[in-house]
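S.K.: One file: protein.txt (compact mmCIF, C-alpha atoms).
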```txt
# COMPACT_ATOMS: atom_id res chain seq x y z
CA MET J 1 16.92 5.18 -21.50
CA ARG J 2 15.17 2.39 -19.63
CA GLN J 3 17.27 -0.51 -18.55
CA PRO J 4 15.92 -3.91 -17.52
CA GLY J 5 16.49 -2.95 -13.86
CA ILE J 6 13.83 -3.23 -11.17
CA ASP J 7 13.29 -1.12 -8.06
CA PHE J 8 12.65 -4.08 -5.82
CA HIS J 9 11.39 -2.28 -2.72
CA THR J 10 8.68 0.30 -3.37
CA HIS J 11 5.82 1.40 -1.13
CA PRO J 12 3.44 3.34 -3.43
CA LEU J 13 2.15 5.66 -0.71
CA LEU J 14 1.83 8.84 -2.74
CA VAL J 15 -0.13 7.77 -5.84
CA ARG J 16 -2.93 10.33 -6.25
CA GLU J 17 -5.21 8.08 -8.30
CA MET J 18 -5.20 5.45 -5.56
CA ILE J 19 -5.88 8.05 -2.84
CA ALA J 20 -8.87 9.28 -4.87
CA ARG J 21 -10.25 5.73 -5.07
CA HIS J 22 -9.31 4.74 -1.51
CA PRO J 23 -9.19 7.76 0.84
CA ASP J 24 -8.17 5.49 3.73
CA LEU J 25 -4.74 5.20 2.07
CA ALA J 26 -4.10 8.88 2.84
CA ARG J 27 -4.71 8.20 6.53
CA ALA J 28 -2.32 5.24 6.45
CA ALA J 29 0.38 7.34 4.76
CA ARG J 30 -0.05 10.23 7.18
CA GLU J 31 -0.71 8.43 10.46
CA THR J 32 1.27 5.21 10.06
CA PHE J 33 4.32 6.57 8.26
CA PHE J 34 4.02 10.31 9.04
CA ILE J 35 4.36 11.13 5.34
CA GLY J 36 3.59 14.78 4.73
CA ASN J 37 4.41 14.95 1.02
CA ASN J 38 1.77 15.84 -1.54
CA PHE J 39 0.15 12.98 -3.40
CA GLN J 40 1.40 12.75 -6.99
CA PRO J 41 -0.15 11.49 -10.22
CA LEU J 42 0.81 7.99 -11.31
CA GLU J 43 2.79 9.51 -14.17
CA THR J 44 5.22 10.96 -11.60
CA PHE J 45 5.98 7.41 -10.44
CA HIS J 46 6.75 6.47 -14.05
CA LEU J 47 8.96 9.55 -14.47
CA GLU J 48 10.90 8.63 -11.32
CA LEU J 49 11.52 5.16 -12.71
CA ASP J 50 12.61 6.69 -16.01
CA ALA J 51 14.96 9.14 -14.27
CA ALA J 52 16.56 6.21 -12.43
CA GLY J 53 16.83 4.26 -15.69
CA LEU J 54 14.58 1.49 -14.41
CA GLU J 55 11.97 -0.51 -16.27
CA SER J 56 9.84 -1.78 -13.38
CA ALA J 57 9.06 -1.52 -9.68
CA VAL J 58 7.92 -4.10 -7.15
CA LEU J 59 4.99 -2.68 -5.16
CA LEU J 60 4.82 -3.70 -1.52
CA PRO J 61 1.91 -3.58 0.92
CA VAL J 62 2.21 -4.12 4.68
CA ASP J 63 -0.53 -5.92 6.60
CA ALA J 64 -0.02 -4.76 10.19
CA ALA J 65 -3.58 -5.43 11.36
CA THR J 66 -2.58 -7.16 14.60
CA ALA J 67 0.29 -4.86 15.54
CA LEU J 68 -1.04 -1.47 14.42
CA GLY J 69 -4.67 -2.04 13.51
CA THR J 70 -4.01 -1.03 9.92
CA THR J 71 -3.02 -2.25 6.49
CA VAL J 72 -0.93 0.02 4.31
CA TYR J 73 -2.30 -1.02 0.95
CA SER J 74 -4.30 -4.20 0.82
CA ASN J 75 -3.43 -7.01 -1.54
CA GLN J 76 -6.46 -6.04 -3.61
CA GLN J 77 -5.26 -2.43 -3.82
CA ILE J 78 -1.80 -3.53 -4.94
CA ALA J 79 -3.40 -5.69 -7.66
CA GLU J 80 -5.54 -2.70 -8.69
CA LEU J 81 -2.48 -0.45 -8.96
CA CYS J 82 -0.59 -3.11 -10.93
CA ALA J 83 -3.48 -3.22 -13.39
CA MET J 84 -2.89 0.50 -14.02
CA SER J 85 0.66 -0.03 -15.29
CA PRO J 86 2.54 -2.91 -16.91
CA ARG J 87 5.68 -1.56 -15.21
CA PHE J 88 4.50 -2.73 -11.77
CA ILE J 89 5.05 -6.10 -10.12
CA GLY J 90 2.82 -6.69 -7.12
CA PHE J 91 3.75 -8.52 -3.94
CA ALA J 92 1.29 -9.53 -1.23
CA SER J 93 1.44 -9.03 2.50
CA VAL J 94 -0.32 -11.00 5.19
CA ASP J 95 -0.35 -10.67 8.95
CA PRO J 96 1.68 -13.79 9.80
CA ARG J 97 0.18 -14.04 13.28
CA GLN J 98 -3.34 -14.55 11.93
CA PRO J 99 -4.34 -18.20 11.42
CA SER J 100 -5.83 -17.38 8.00
CA ALA J 101 -2.54 -15.93 6.70
CA PRO J 102 -1.50 -18.94 4.56
CA GLU J 103 -4.90 -19.06 2.86
CA ARG J 104 -4.93 -15.29 2.33
CA LEU J 105 -1.46 -15.53 0.77
CA ALA J 106 -2.60 -18.28 -1.60
CA GLU J 107 -5.61 -16.18 -2.61
CA ALA J 108 -3.42 -13.14 -3.29
CA VAL J 109 -1.13 -15.17 -5.53
CA VAL J 110 -3.67 -17.39 -7.29
CA LYS J 111 -6.63 -15.01 -7.64
CA LEU J 112 -4.95 -11.59 -7.70
CA GLY J 113 -1.78 -12.55 -9.54
CA LEU J 114 0.62 -11.15 -6.95
CA ARG J 115 4.11 -12.58 -7.31
CA GLY J 116 5.81 -12.53 -3.91
CA LEU J 117 5.36 -11.88 -0.19
CA LYS J 118 6.47 -8.82 1.79
CA LEU J 119 6.93 -9.17 5.54
CA ASP J 120 8.16 -6.46 7.92
CA PRO J 121 8.87 -8.07 11.30
CA ALA J 122 9.65 -4.76 13.06
CA MET J 123 6.44 -3.10 11.87
CA GLN J 124 4.26 -6.23 12.08
CA ARG J 125 5.81 -7.06 15.48
CA PHE J 126 6.71 -10.70 15.06
CA PHE J 127 9.96 -12.61 15.31
CA PRO J 128 10.86 -14.24 11.98
CA ASP J 129 12.04 -17.41 13.74
CA ASP J 130 8.80 -17.86 15.70
CA ARG J 131 7.55 -21.29 14.65
CA THR J 132 3.93 -20.11 14.69
CA VAL J 133 4.60 -18.10 11.50
CA TYR J 134 6.25 -21.01 9.66
CA PRO J 135 2.95 -22.00 7.96
CA VAL J 136 3.20 -18.72 6.02
CA TYR J 137 6.73 -19.59 4.87
CA GLU J 138 5.58 -23.09 3.95
CA LYS J 139 2.74 -21.66 1.86
CA ALA J 140 5.13 -19.29 0.08
CA GLN J 141 7.44 -22.18 -0.67
CA GLU J 142 4.51 -24.28 -1.94
CA LEU J 143 3.43 -21.38 -4.19
CA GLY J 144 6.99 -20.95 -5.47
CA ILE J 145 7.18 -17.25 -4.57
CA PRO J 146 9.96 -15.25 -2.91
CA ILE J 147 9.64 -13.62 0.50
CA LEU J 148 11.05 -10.13 0.91
CA PHE J 149 11.74 -9.38 4.58
CA HIS J 150 12.50 -5.96 5.93
CA ALA J 151 15.37 -6.58 8.33
CA GLY J 152 17.76 -4.55 10.44
CA LEU J 153 17.00 -0.87 10.88
CA SER J 154 13.38 0.12 10.41
CA TRP J 155 12.29 3.61 9.48
CA ALA J 156 8.65 2.95 10.42
CA PRO J 157 7.69 4.97 13.51
CA GLY J 158 7.11 2.84 16.60
CA SER J 159 8.92 -0.20 15.19
CA ARG J 160 11.02 -2.29 17.54
CA LEU J 161 14.36 -3.19 16.01
CA ASP J 162 14.60 -6.42 18.00
CA TYR J 163 12.08 -8.04 15.66
CA GLY J 164 14.23 -7.46 12.58
CA GLN J 165 17.63 -8.52 13.90
CA PRO J 166 19.43 -10.46 11.14
CA ILE J 167 20.30 -13.37 13.47
CA ARG J 168 16.55 -14.05 13.71
CA PHE J 169 16.62 -15.20 10.06
CA GLU J 170 19.26 -17.90 10.49
CA ASP J 171 16.87 -20.72 11.47
CA VAL J 172 14.37 -19.60 8.82
CA ALA J 173 17.03 -19.70 6.09
CA ALA J 174 18.23 -23.11 7.26
CA SER J 175 14.67 -24.47 7.34
CA PHE J 176 13.64 -23.19 3.90
CA ARG J 177 16.54 -23.84 1.57
CA GLY J 178 16.07 -23.59 -2.18
```
Any chance you could put this one into structure tokens?
M.R.:
Amino acid sequence: MRQPGIDFHTHPLLVREMIARHPDLARAARETFFIGNNFQPLETFHLELDAAGLESAVLLPVDAATALGTTVYSNQQIAELCAMSPRFIGFASVDPRQPSAPERLAEAVVKLGLRGLKLDPAMQRFFPDDRTVYPVYEKAQELGIPILFHAGLSWAPGSRLDYGQPIRFEDVAASFRG
């Protein structure tokens, strides 16, 4: 039986329907994350949620254009996947080191209907307390959306753990209260 629970950290790398529409996603799954699993129909995702007793899942992209030269799901692709199922909640990702990041975040929220921001400092290779990325946090605060950071240990190949050290979030938390 479905409960009102939410899987709050999901990277939809194996959805066959999205691979068929966007073959570049297969390359990102294989080359960026070294995922060798077979791609599965969307219904398998739903069955996994059902088996866990969950109602919904938050879908997370990662824009690592500067660090890795790739984006693992674009904001548009996340919005497209969310349109395929009412059980999905889409978050955006922007490369926080790009000057256009705040505007791209606003577009993802306002035009695409995405409901939060995913940042992965270790994979995107930025320090969360670097003041040059604060405009992204300010835009998220202005939009009234949460930011989900990947912190601590990173499973992404080639990631540097120094970027995601929890102490790096102290100044950010103090600067962006409530």
S.K.: List the neighbours of Thr71 in chain J out to 12 Å using only C-alpha atoms; skip same-chain residues closer than 4 positions along the sequence, and give me the result as a PyMOL selection string.
M.R.: chain J and resi 13+24-29+31-33+60-67+75-78+92-95+123-124
S.K.: J:Leu143, J:Cys82, J:Leu148, J:Val172: which is nearest Val109 in chain J, counting all atoms listed in the file?
M.R.: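 Of all the options, J:Leu143 lies closest to Val109 in chain J.
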S.K.: If we count all atoms listed in the file, what is near Leu14 in chain J at a cut-off of 10 Å, once residues fewer than 4 positions away on the same chain are taken out, given as a PyMOL selection string?
M.R.: chain J and resi 18-19+25-26+29+35-42+44-45
S.K.: Measuring between all atoms listed in the file, which one of J:Ala174, J:Ala52, J:Val58, J:Ala122 shows the shortest distance to Phe91 in chain J?
M.R.: J:Val58
S.K.: Residues within 10 Å of range 47-50 of chain J, please, as a compact mmCIF listing (two decimals) with C-alpha atoms, in the frame of the given file. Count all atoms listed in the file; anything in the same chain fewer than 2 positions from it doesn't count.
M.R.:
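Output contents, as saved in out.txt:
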```
# COMPACT_ATOMS: atom_id res chain seq x y z
CA MET J 1 16.92 5.18 -21.50
CA ARG J 2 15.17 2.39 -19.63
CA GLN J 3 17.27 -0.51 -18.55
CA GLY J 5 16.49 -2.95 -13.86
CA ILE J 6 13.83 -3.23 -11.17
CA ASP J 7 13.29 -1.12 -8.06
CA LEU J 42 0.81 7.99 -11.31
CA GLU J 43 2.79 9.51 -14.17
CA THR J 44 5.22 10.96 -11.60
CA PHE J 45 5.98 7.41 -10.44
CA ALA J 52 16.56 6.21 -12.43
CA GLY J 53 16.83 4.26 -15.69
CA LEU J 54 14.58 1.49 -14.41
CA GLU J 55 11.97 -0.51 -16.27
CA SER J 56 9.84 -1.78 -13.38
CA ALA J 57 9.06 -1.52 -9.68
CA ARG J 87 5.68 -1.56 -15.21
```
S.K.: How would you write as a list in words the residues that get within 8 Å of (9.8, -8.0, 5.4) in the file's frame, counting only C-alpha atoms?
M.R.: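 Residues lying no farther than 8 Å from the given point: Lys118, Leu119, Asp120, Pro121, Ile147, Leu148, Phe149, His150 and Ala151 of chain J.
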S.K.: What is the CA of Arg115 in chain J to CA of Ile89 in chain J distance in Å?
M.R.: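 Interatomic distance, CA of Arg115 in chain J to CA of Ile89 in chain J: 7.1 Å.
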S.K.: Name the closest residue to Val110 in chain J among the candidates J:Arg160, J:Arg131, J:Leu81, J:Gly144; distances are taken between atoms, counting all atoms listed in the file.
M.R.: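 Smallest distance to Val110 in chain J is found for J:Gly144.
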S.K.: Report, in Å with one decimal, the straight-line distance from CA of Arg21 in chain J to CA of Glu80 in chain J.
M.R.: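 CA of Arg21 in chain J sits 10.3 Å away from CA of Glu80 in chain J.
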S.K.: Residues within 12 Å of Glu170 in chain J, please, as JSON, numbers by chain. Count all atoms listed in the file; anything in the same chain fewer than 6 positions from it doesn't count.
M.R.: {"J": [127, 128, 129, 130, 164, 176, 177]}
S.K.: Would you compute the distance between CA of Glu103 in chain J and CA of Ala156 in chain J? Give it in Å to one decimal.
M.R.: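 CA of Glu103 in chain J sits 26.9 Å away from CA of Ala156 in chain J.
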S.K.: Which residue gives the smallest distance to Phe8 in chain J among J:Pro146, J:Thr70, J:Arg97, J:Thr132, with all atoms listed in the file counted?
M.R.: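 Checking each candidate against Phe8 in chain J, we get J:Pro146 as the closest.
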S.K.: Which is closer to Ala101 in chain J than all the others in J:Leu59, J:Leu153, J:Leu161, J:Val133, using all atoms listed in the file?
M.R.: J:Val133
S.K.: Taking only C-alpha atoms into account, which of J:Arg104, J:Gly116, J:Thr10, J:Tyr73 comes nearest His22 in chain J?
M.R.: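 Of J:Arg104, J:Gly116, J:Thr10, J:Tyr73, the one nearest His22 in chain J, counting only C-alpha atoms, is J:Tyr73.
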S.K.: Draw an axis-aligned box over all listed atoms of range 96-105 of chain J, pad each side with 6 Å, and write its centre and edge lengths in Å, one decimal, as JSON.
M.R.:
```
{"center_x": -2.1, "center_y": -16.4, "center_z": 7.0, "size_x": 19.5, "size_y": 17.3, "size_z": 24.5}
```
